[in-house]
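Asks: Contents are compact mmCIF, C-alpha atoms; file name coords_24.txt:
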```
# COMPACT_ATOMS: atom_id res chain seq x y z
CA MET A 1227 38.61 85.78 -70.31
CA SER A 1228 39.10 89.46 -70.93
CA TYR A 1229 37.53 92.75 -71.85
CA GLU A 1230 37.33 91.30 -75.37
CA ALA A 1231 35.03 88.58 -74.02
CA TYR A 1232 32.81 91.37 -72.69
CA GLN A 1233 32.84 93.13 -76.04
CA ARG A 1234 31.88 89.89 -77.76
CA GLY A 1235 28.88 89.65 -75.43
CA GLU A 1236 29.70 86.21 -74.12
CA PRO A 1237 27.24 84.84 -71.55
CA VAL A 1238 27.90 85.33 -67.84
CA ILE A 1239 27.45 82.47 -65.41
CA ILE A 1240 25.90 83.47 -62.08
CA THR A 1241 26.73 81.23 -59.14
CA ALA A 1242 24.47 81.49 -56.10
CA ALA A 1243 26.27 80.85 -52.80
CA LEU A 1244 23.23 80.45 -50.60
CA THR A 1245 24.44 79.46 -47.16
CA GLY A 1246 28.16 79.04 -46.49
CA GLY A 1247 29.54 77.50 -43.35
CA VAL A 1248 30.38 80.51 -41.23
CA HIS A 1249 27.24 82.40 -40.26
CA GLY A 1250 23.61 81.35 -39.95
CA LYS A 1251 20.18 82.60 -39.03
CA GLU A 1252 21.69 84.52 -36.14
CA ALA A 1253 23.15 86.78 -38.86
CA SER A 1254 20.16 86.87 -41.22
CA GLN A 1255 16.75 85.29 -41.02
CA HIS A 1256 16.89 84.91 -44.82
CA LEU A 1257 19.85 82.53 -44.75
CA PRO A 1258 18.64 79.02 -45.67
CA GLU A 1259 19.88 76.12 -43.54
CA THR A 1260 17.70 73.03 -43.92
CA PRO A 1261 17.60 71.10 -47.23
CA GLU A 1262 14.05 72.33 -47.80
CA GLU A 1263 15.00 75.95 -47.23
CA VAL A 1264 18.10 75.63 -49.42
CA ALA A 1265 16.14 73.97 -52.24
CA GLU A 1266 13.48 76.67 -52.09
CA ALA A 1267 16.14 79.39 -52.27
CA ALA A 1268 17.91 77.57 -55.11
CA GLU A 1269 14.70 77.42 -57.12
CA ALA A 1270 14.10 81.14 -56.64
CA CYS A 1271 17.71 81.87 -57.64
CA GLU A 1272 17.39 79.76 -60.79
CA GLU A 1273 14.33 81.76 -61.78
CA ALA A 1274 16.29 84.97 -61.10
CA GLY A 1275 19.19 83.93 -63.36
CA ALA A 1276 21.57 81.61 -61.50
CA SER A 1277 22.95 78.56 -63.28
CA VAL A 1278 25.25 77.20 -60.55
CA VAL A 1279 24.43 76.66 -56.89
CA HIS A 1280 27.25 76.45 -54.32
CA LEU A 1281 26.22 74.29 -51.37
CA HIS A 1282 27.28 73.83 -47.76
CA ALA A 1283 25.45 71.39 -45.48
CA ARG A 1284 24.02 72.32 -42.09
CA LYS A 1285 22.43 70.44 -39.24
CA GLU A 1286 18.87 71.26 -38.19
CA ASN A 1287 20.21 73.76 -35.65
CA GLY A 1288 22.27 75.53 -38.32
CA GLU A 1289 25.65 74.15 -37.31
CA ARG A 1290 28.14 72.88 -39.87
CA THR A 1291 28.21 69.29 -40.99
CA PHE A 1292 30.43 67.52 -43.49
CA GLU A 1293 28.49 64.25 -43.43
CA ARG A 1294 27.85 62.63 -46.78
CA GLU A 1295 24.29 61.79 -45.74
CA ARG A 1296 23.38 65.42 -45.14
CA PHE A 1297 24.96 66.49 -48.43
CA GLN A 1298 22.97 63.71 -50.10
CA GLU A 1299 19.73 64.99 -48.60
CA LEU A 1300 20.63 68.53 -49.59
CA THR A 1301 21.63 67.75 -53.16
CA GLU A 1302 18.55 65.59 -53.76
CA ALA A 1303 16.30 68.40 -52.56
CA VAL A 1304 18.01 70.88 -54.88
CA ARG A 1305 18.06 68.55 -57.90
CA GLU A 1306 14.39 67.77 -57.40
CA ARG A 1307 13.43 71.42 -57.75
CA THR A 1308 16.03 72.83 -60.14
CA ASP A 1309 18.20 72.15 -63.18
CA LEU A 1310 21.09 74.05 -61.60
CA ILE A 1311 24.70 72.89 -61.77
CA VAL A 1312 25.39 71.53 -58.29
CA GLN A 1313 28.66 72.59 -56.69
CA HIS A 1314 29.55 71.21 -53.26
CA SER A 1315 31.92 72.98 -50.91
CA THR A 1316 34.91 71.02 -49.64
CA GLY A 1317 35.88 73.88 -47.34
CA GLY A 1318 36.05 73.28 -43.62
CA THR A 1319 38.19 75.39 -41.35
CA GLY A 1320 39.29 73.30 -38.41
CA ALA A 1321 37.79 70.07 -39.77
CA PRO A 1322 39.98 67.00 -40.34
CA ASP A 1323 41.11 66.28 -43.88
CA ASP A 1324 39.11 63.06 -44.20
CA LEU A 1325 35.84 64.91 -43.59
CA ARG A 1326 36.69 67.36 -46.34
CA HIS A 1327 36.29 64.53 -48.87
CA GLU A 1328 32.77 63.60 -47.75
CA PRO A 1329 30.90 66.20 -49.88
CA LEU A 1330 32.46 64.56 -52.99
CA ARG A 1331 30.86 61.20 -52.19
CA THR A 1332 27.17 61.77 -52.85
CA ASP A 1333 25.33 59.68 -55.43
CA PRO A 1334 25.33 61.08 -58.03
CA ALA A 1335 28.52 63.04 -57.50
CA PRO A 1336 28.19 66.83 -57.54
CA ASP A 1337 28.86 68.42 -60.94
CA MET A 1338 31.51 70.64 -59.38
CA ALA A 1339 33.27 71.08 -56.05
CA SER A 1340 35.38 73.80 -54.52
CA LEU A 1341 39.13 73.34 -54.24
CA ASP A 1342 40.74 75.87 -51.90
CA MET A 1343 44.28 76.65 -52.99
CA GLY A 1344 45.87 77.52 -49.66
CA PRO A 1345 45.53 78.75 -46.10
CA LEU A 1346 43.22 81.40 -44.76
CA ASN A 1347 42.61 82.77 -41.30
CA ARG A 1348 39.34 82.83 -39.37
CA TYR A 1349 38.59 84.64 -36.11
CA GLN A 1350 41.57 85.01 -33.77
CA HIS A 1351 42.84 81.47 -33.60
CA LEU A 1352 41.73 79.40 -36.59
CA THR A 1353 43.46 78.73 -39.87
CA SER A 1354 42.09 76.66 -42.69
CA GLU A 1355 45.35 75.00 -43.73
CA ASN A 1356 44.55 73.55 -47.16
CA THR A 1357 47.93 71.91 -47.57
CA ARG A 1358 49.19 70.95 -51.02
CA ALA A 1359 48.74 67.32 -49.99
CA LEU A 1360 45.06 67.91 -49.23
CA VAL A 1361 44.55 69.93 -52.43
CA GLU A 1362 46.01 67.09 -54.48
CA ALA A 1363 44.07 64.40 -52.63
CA LEU A 1364 40.79 66.26 -53.15
CA GLY A 1365 41.73 66.90 -56.78
CA GLU A 1366 42.43 63.21 -57.34
CA GLU A 1367 39.06 62.20 -55.95
CA MET A 1368 37.33 64.86 -58.06
CA ARG A 1369 39.07 63.53 -61.17
CA GLU A 1370 38.08 59.94 -60.33
CA ARG A 1371 34.45 60.90 -59.78
CA GLY A 1372 34.17 63.24 -62.78
CA ILE A 1373 33.72 66.36 -60.66
CA LYS A 1374 34.97 69.66 -62.06
CA PRO A 1375 37.05 71.62 -59.55
CA GLU A 1376 36.07 75.20 -58.79
CA VAL A 1377 39.54 76.50 -57.95
CA GLU A 1378 39.25 79.00 -55.11
CA VAL A 1379 41.94 81.69 -55.08
CA PHE A 1380 41.80 83.72 -51.90
CA ASN A 1381 44.79 85.92 -52.74
CA GLY A 1382 47.71 86.37 -55.10
CA GLY A 1383 49.76 83.68 -53.41
CA HIS A 1384 47.01 81.20 -54.13
CA LEU A 1385 47.27 82.12 -57.80
CA ASN A 1386 50.92 81.05 -57.58
CA GLU A 1387 49.59 77.78 -56.17
CA VAL A 1388 47.33 77.32 -59.21
CA HIS A 1389 50.31 77.69 -61.54
CA GLY A 1390 52.30 75.34 -59.30
CA LEU A 1391 49.54 72.75 -59.32
CA LEU A 1392 49.33 72.90 -63.11
CA ASP A 1393 53.11 72.34 -63.29
CA ARG A 1394 53.16 69.63 -60.64
CA ARG A 1395 49.93 67.81 -61.34
CA PRO A 1396 48.59 68.71 -64.79
CA ASP A 1397 46.35 65.63 -64.60
CA LEU A 1398 44.17 67.24 -61.90
CA LEU A 1399 42.77 70.22 -63.79
CA GLU A 1400 41.16 70.33 -67.22
CA GLU A 1401 40.51 73.38 -69.37
CA PRO A 1402 38.75 75.57 -68.88
CA TYR A 1403 40.26 75.89 -65.40
CA HIS A 1404 37.37 77.50 -63.54
CA THR A 1405 38.84 79.77 -60.88
CA THR A 1406 37.12 81.93 -58.29
CA LEU A 1407 38.98 85.09 -57.30
CA ILE A 1408 38.06 86.19 -53.78
CA PHE A 1409 38.25 89.78 -52.55
CA GLY A 1410 37.61 91.18 -49.09
CA GLY A 1411 39.35 91.42 -45.73
CA GLY A 1412 41.77 89.17 -43.87
CA THR A 1413 43.50 86.55 -45.96
CA THR A 1414 41.51 87.34 -49.08
CA ALA A 1415 42.80 89.58 -51.85
CA MET A 1416 42.58 93.28 -51.05
CA PRO A 1417 39.40 94.57 -52.68
CA THR A 1418 40.76 97.17 -55.04
CA PRO A 1419 40.24 97.50 -58.79
CA LYS A 1420 44.00 97.45 -59.36
CA ASN A 1421 44.30 94.18 -57.50
CA PHE A 1422 41.42 92.73 -59.49
CA LEU A 1423 43.15 93.63 -62.75
CA ASN A 1424 46.44 92.26 -61.46
CA LEU A 1425 44.91 88.89 -60.58
CA ILE A 1426 43.03 88.41 -63.84
CA GLU A 1427 46.13 89.38 -65.77
CA HIS A 1428 48.04 86.52 -64.12
CA LEU A 1429 45.49 83.77 -64.56
CA PRO A 1430 46.82 80.75 -66.42
CA GLU A 1431 46.06 80.44 -70.11
CA GLY A 1432 42.84 78.51 -70.51
CA ALA A 1433 41.24 79.75 -67.29
CA THR A 1434 37.79 81.18 -66.77
CA PHE A 1435 37.22 83.27 -63.69
CA ASN A 1436 34.46 83.89 -61.26
CA THR A 1437 34.45 87.11 -59.20
CA LEU A 1438 33.58 86.80 -55.51
CA ALA A 1439 33.76 89.73 -53.13
CA PHE A 1440 32.56 90.00 -49.56
CA GLY A 1441 30.05 92.42 -48.06
CA PRO A 1442 29.85 95.86 -49.63
CA HIS A 1443 32.40 94.83 -52.27
CA GLN A 1444 30.03 92.28 -53.82
CA LEU A 1445 28.18 94.74 -56.02
CA PRO A 1446 31.11 96.68 -57.53
CA PHE A 1447 33.17 93.53 -58.04
CA THR A 1448 30.21 91.85 -59.73
CA ALA A 1449 30.15 94.76 -62.16
CA MET A 1450 33.91 94.49 -62.73
CA GLY A 1451 33.67 90.74 -63.27
CA ILE A 1452 31.02 91.27 -65.91
CA VAL A 1453 32.94 94.04 -67.70
CA PHE A 1454 36.17 92.07 -67.74
CA GLY A 1455 34.64 88.96 -69.25
CA GLY A 1456 34.38 86.89 -66.10
CA HIS A 1457 31.58 85.13 -64.30
CA VAL A 1458 30.16 86.13 -60.93
CA ARG A 1459 29.20 84.63 -57.60
CA VAL A 1460 26.72 86.30 -55.29
CA GLY A 1461 24.65 85.22 -52.32
CA LEU A 1462 24.24 85.36 -48.57
CA GLU A 1463 27.33 83.22 -47.94
CA ASP A 1464 29.41 86.22 -48.99
CA ASN A 1465 27.18 89.22 -48.36
CA ARG A 1466 24.10 89.62 -46.17
CA TYR A 1467 22.97 93.04 -47.36
CA PHE A 1468 21.16 94.34 -50.42
CA ARG A 1469 22.18 97.86 -49.46
CA GLN A 1470 23.44 99.42 -46.24
CA GLY A 1471 21.13 98.48 -43.39
CA GLU A 1472 18.81 96.33 -45.54
CA LEU A 1473 19.17 92.58 -45.34
CA ALA A 1474 19.01 90.78 -48.68
CA THR A 1475 17.61 87.48 -49.88
CA ASN A 1476 19.64 85.20 -52.12
CA GLU A 1477 17.12 85.73 -54.89
CA GLN A 1478 17.49 89.52 -54.71
CA LEU A 1479 21.27 89.32 -55.02
CA VAL A 1480 21.05 87.00 -58.03
CA ALA A 1481 18.41 89.16 -59.68
CA ARG A 1482 20.57 92.26 -59.24
CA ALA A 1483 23.58 90.49 -60.79
CA ALA A 1484 21.41 89.36 -63.72
CA THR A 1485 20.11 92.90 -64.23
CA LEU A 1486 23.67 94.23 -64.17
CA ALA A 1487 24.79 91.69 -66.77
CA GLU A 1488 21.87 92.47 -69.04
CA THR A 1489 22.34 96.22 -68.62
CA LEU A 1490 25.98 95.78 -69.58
CA GLU A 1491 24.85 93.70 -72.55
CA ARG A 1492 26.12 90.33 -71.53
CA PRO A 1493 23.43 87.66 -71.61
CA VAL A 1494 22.87 85.55 -68.51
CA ALA A 1495 23.82 81.91 -69.10
CA SER A 1496 21.17 79.24 -68.65
CA PRO A 1497 22.25 76.07 -66.80
CA ASP A 1498 22.75 74.30 -70.15
CA GLU A 1499 24.83 77.16 -71.54
CA ALA A 1500 26.86 77.17 -68.34
CA ARG A 1501 27.50 73.42 -68.70
CA GLU A 1502 28.85 74.04 -72.18
CA ILE A 1503 31.05 76.97 -71.11
CA LEU A 1504 32.47 75.00 -68.17
CA GLY A 1505 32.99 71.83 -70.18
CA LEU A 1506 30.79 69.72 -67.94
CA MET B 861 34.05 68.81 -22.87
CA ALA B 862 32.03 71.72 -24.14
CA CYS B 863 32.72 75.31 -23.16
CA PRO B 864 31.15 76.25 -19.81
CA TYR B 865 29.77 79.43 -21.41
CA LEU B 866 27.87 77.46 -24.09
CA ASP B 867 24.11 77.21 -23.84
CA TYR B 868 21.42 76.19 -26.33
CA ARG B 869 18.44 78.53 -26.56
CA ASP B 870 15.54 79.16 -28.86
CA GLU B 871 15.12 82.74 -27.67
CA GLY B 872 17.45 85.64 -27.08
CA GLU B 873 18.58 88.98 -28.48
CA ASP B 874 14.88 89.76 -29.04
CA ARG B 875 14.61 86.86 -31.50
CA SER B 876 13.27 83.35 -31.46
CA PHE B 877 14.11 80.24 -33.46
CA ASP B 878 12.31 76.96 -34.20
CA THR B 879 15.35 74.96 -33.08
CA GLU B 880 17.60 75.65 -30.13
CA ARG B 881 20.83 77.27 -31.27
CA ALA B 882 24.23 77.74 -29.73
CA TYR B 883 24.35 80.75 -27.41
CA CYS B 884 27.42 82.18 -25.70
CA THR B 885 26.70 83.37 -22.17
CA ALA B 886 30.11 85.07 -22.03
CA VAL B 887 29.11 87.62 -24.66
CA ASP B 888 25.31 87.17 -24.45
CA ALA B 889 24.82 86.43 -28.12
CA PHE B 890 23.95 83.59 -30.44
CA VAL B 891 27.03 81.88 -31.82
CA GLN B 892 27.97 81.63 -35.48
CA PRO B 893 27.82 77.99 -36.66
CA MET B 894 31.57 77.75 -37.23
CA ARG B 895 32.20 79.06 -33.72
CA ALA B 896 29.83 76.41 -32.36
CA ASP B 897 32.37 73.78 -33.40
CA ILE B 898 34.87 75.49 -31.11
CA CYS B 899 32.31 75.75 -28.28
CA ASN B 900 31.63 72.01 -28.57
CA ASP B 901 35.32 71.03 -28.89
CA ARG B 902 34.61 69.28 -32.18
CA TYR B 903 37.31 67.98 -34.51
CA ASP B 904 40.67 69.30 -33.31
CA LEU B 905 39.19 72.50 -31.91
CA HIS B 906 39.14 73.40 -28.24
CA HIS B 907 37.38 76.35 -26.63
CA ALA B 908 40.19 77.07 -24.16
CA GLU B 909 42.74 77.36 -26.94
CA ASP B 910 40.72 78.59 -29.90
CA CYS B 911 38.05 80.96 -28.55
CA GLU B 912 39.03 84.53 -27.75
CA PHE B 913 35.69 85.10 -25.98
CA TYR B 914 36.37 82.21 -23.59
CA LYS B 915 39.87 83.47 -22.92
CA GLU B 916 38.66 86.94 -22.11
CA ALA B 917 35.79 85.69 -19.92
CA ALA B 918 38.14 83.31 -18.11
CA GLY B 919 40.49 86.20 -17.40
CA GLU B 920 43.27 84.76 -19.45
CA GLY B 921 43.73 87.96 -21.47
CA SER B 922 44.78 88.08 -25.04
CA ASP B 923 47.73 86.24 -26.53
CA ASP B 924 47.32 88.07 -29.77
CA ALA B 925 49.51 91.13 -29.21
```
So, in terms of structure tokens, how does the structure I just supplied come out?

Replies:
Amino acid sequence: MSYEAYQRGEPVIITAALTGGVHGKEASQHLPETPEEVAEAAEACEEAGASVVHLHARKENGERTFERERFQELTEAVRERTDLIVQHSTGGTGAPDDLRHEPLRTDPAPDMASLDMGPLNRYQHLTSENTRALVEALGEEMRERGIKPEVEVFNGGHLNEVHGLLDRRPDLLEEPYHTTLIFGGGTTAMPTPKNFLNLIEHLPEGATFNTLAFGPHQLPFTAMGIVFGGHVRVGLEDNRYFRQGELATNEQLVARAATLAETLERPVASPDEAREILGL
Amino acid sequence: MACPYLDYRDEGEDRSFDTERAYCTAVDAFVQPMRADICNDRYDLHHAEDCEFYKEAAGEGSDDA
């Protein structure tokens, strides 16, 4: 993945991160929580240009759940209405390791699942630990169930962890290694263009990358991801606003990313094209 | 045992919801879903240890200097 990929006009995969696990309708009335709301948003995002949907499960009152049954309900609702590649989150700050496996256990298994490469801080007192033991255990279950890992890199240290995992457990990741580079505040990579270039320069050979940036950084980093031959993730999980003071919908954020890609002369990948690019 | 400042409401902050949602009476605001796990002492989380709003409301001050 490189500027050359941009020049060749390779398709860009847009991932829609609709919901997340951190904030809910108290933060935006547009944030979908129930399976029906998520499926409706997923369908609108597919029409706007998304080919992957990143899913977190919520209870009826919006609170987090890691239960397989709720993920099953969610994934069935989305598959019924879309042809999107289904990617389940295995994230879960503060949740026990065994619960982190539950989103992998739906029937059928998700096409992809997130694999967080190390710790990150939340609020004043929480850390999502993501130990190497947990990363490997999740990776093993993904391999056994035919789920492609979406390797989440929250900072440069986590990129070291990717290289370490490839050295230590080359059986857990298959090319193309689909990474997501995450920019913003706190434990995430500092959102500067230099840092973006530094991270993509140090990706392992055979990696594709997805650009994810929080809040006001989502738009410029989407543009950079497109120009530097990467793929992009947008959605209300990462950014609530379309512009300052104006709340967005998931569909609007996907449509803007698709317009950017087309303006920059990279075609937007269909779900089938995305499956081929990702080796699913 | 859940946080004493936790309430469930379907109205507040000039908004209403179809389902009652976690509300923090210490800061008078609806609670983000991840914070609600702390409020309810789910998993290995505990409001007295993990919530800065509880600590401040309980007069315990900050241990984050």

Asks: Using all atoms listed in the file for the distances, tell me which of A:Leu1360, A:Val1494, A:Leu1391, A:Val1248 is nearest to Gln892 of chain B.

Replies: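 Ranking A:Leu1360, A:Val1494, A:Leu1391, A:Val1248 by distance to Gln892 of chain B, first place goes to A:Val1248.
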
Asks: Can you build me a table of chain B residues sitting at most 6 Å from chain A, with the closest atom pair per residue and its distance in Å to one decimal, using only C-alpha atoms, sorted by chain and residue number, as a Markdown table?

Replies:
```
| residue | atom | partner | partner_atom | distance |
| --- | --- | --- | --- | --- |
| B:Thr879 | CA | A:Asn1287 | CA | 5.6 |
| B:Arg881 | CA | A:Asn1287 | CA | 5.6 |
| B:Gln892 | CA | A:His1249 | CA | 4.9 |
| B:Pro893 | CA | A:Glu1289 | CA | 4.5 |
| B:Met894 | CA | A:Val1248 | CA | 5.0 |
| B:Tyr903 | CA | A:Ala1321 | CA | 5.7 |
| B:Asp910 | CA | A:His1351 | CA | 5.1 |
```

Asks: Could you check how far atom CA of Ser1254 of chain A sits from atom CA of Pro1446 of chain A, in Å to one decimal?

Replies: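 For atom CA of Ser1254 of chain A relative to atom CA of Pro1446 of chain A, the distance reads 22.0 Å.
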
Asks: Could you pull the residues within 7 Å of Arg1326 of chain A, counting only C-alpha atoms, minus those fewer than 5 positions along the same chain, as an NGL selection string?

Replies: :A and (1292 or 1316-1318)

Asks: Considering only C-alpha atoms, return as a ChimeraX atom specification whatever protein or nucleic-acid residues lie within 12 Å of Val1278 of chain A, sequence-local ones (same chain, fewer than 3 positions apart) excluded.

Replies: /A:1238-1244,1268-1269,1271-1275,1281,1304-1305,1308-1314,1336-1339,1376,1436,1457-1461,1480,1494-1501,1504,1506

Asks: Within 10 Å of Glu1299 of chain A, counting only C-alpha atoms, which residues qualify if same-chain residues fewer than 3 places away don't, as a compact mmCIF listing (two decimals) with C-alpha atoms, in the coordinates of the input?

Replies:
```txt
# COMPACT_ATOMS: atom_id res chain seq x y z
CA THR A 1260 17.70 73.03 -43.92
CA PRO A 1261 17.60 71.10 -47.23
CA GLU A 1262 14.05 72.33 -47.80
CA ALA A 1283 25.45 71.39 -45.48
CA ARG A 1294 27.85 62.63 -46.78
CA GLU A 1295 24.29 61.79 -45.74
CA ARG A 1296 23.38 65.42 -45.14
CA GLU A 1302 18.55 65.59 -53.76
CA ALA A 1303 16.30 68.40 -52.56
CA VAL A 1304 18.01 70.88 -54.88
CA THR A 1332 27.17 61.77 -52.85
```

Asks: Measure the distance from atom CA of Phe1297 of chain A to atom CA of Lys1374 of chain A in Å and round it to one decimal.

Replies: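 Computed distance, atom CA of Phe1297 of chain A to atom CA of Lys1374 of chain A, equals 17.2 Å.
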
Asks: Quick one: what's the axis-aligned box for segment 1286-1304 of chain A, all listed atoms, 3 Å on every side, centre and edges in Å to one decimal, as JSON?

Replies:
```
{"center_x": 23.4, "center_y": 68.7, "center_z": -45.3, "size_x": 20.1, "size_y": 19.7, "size_z": 25.2}
```
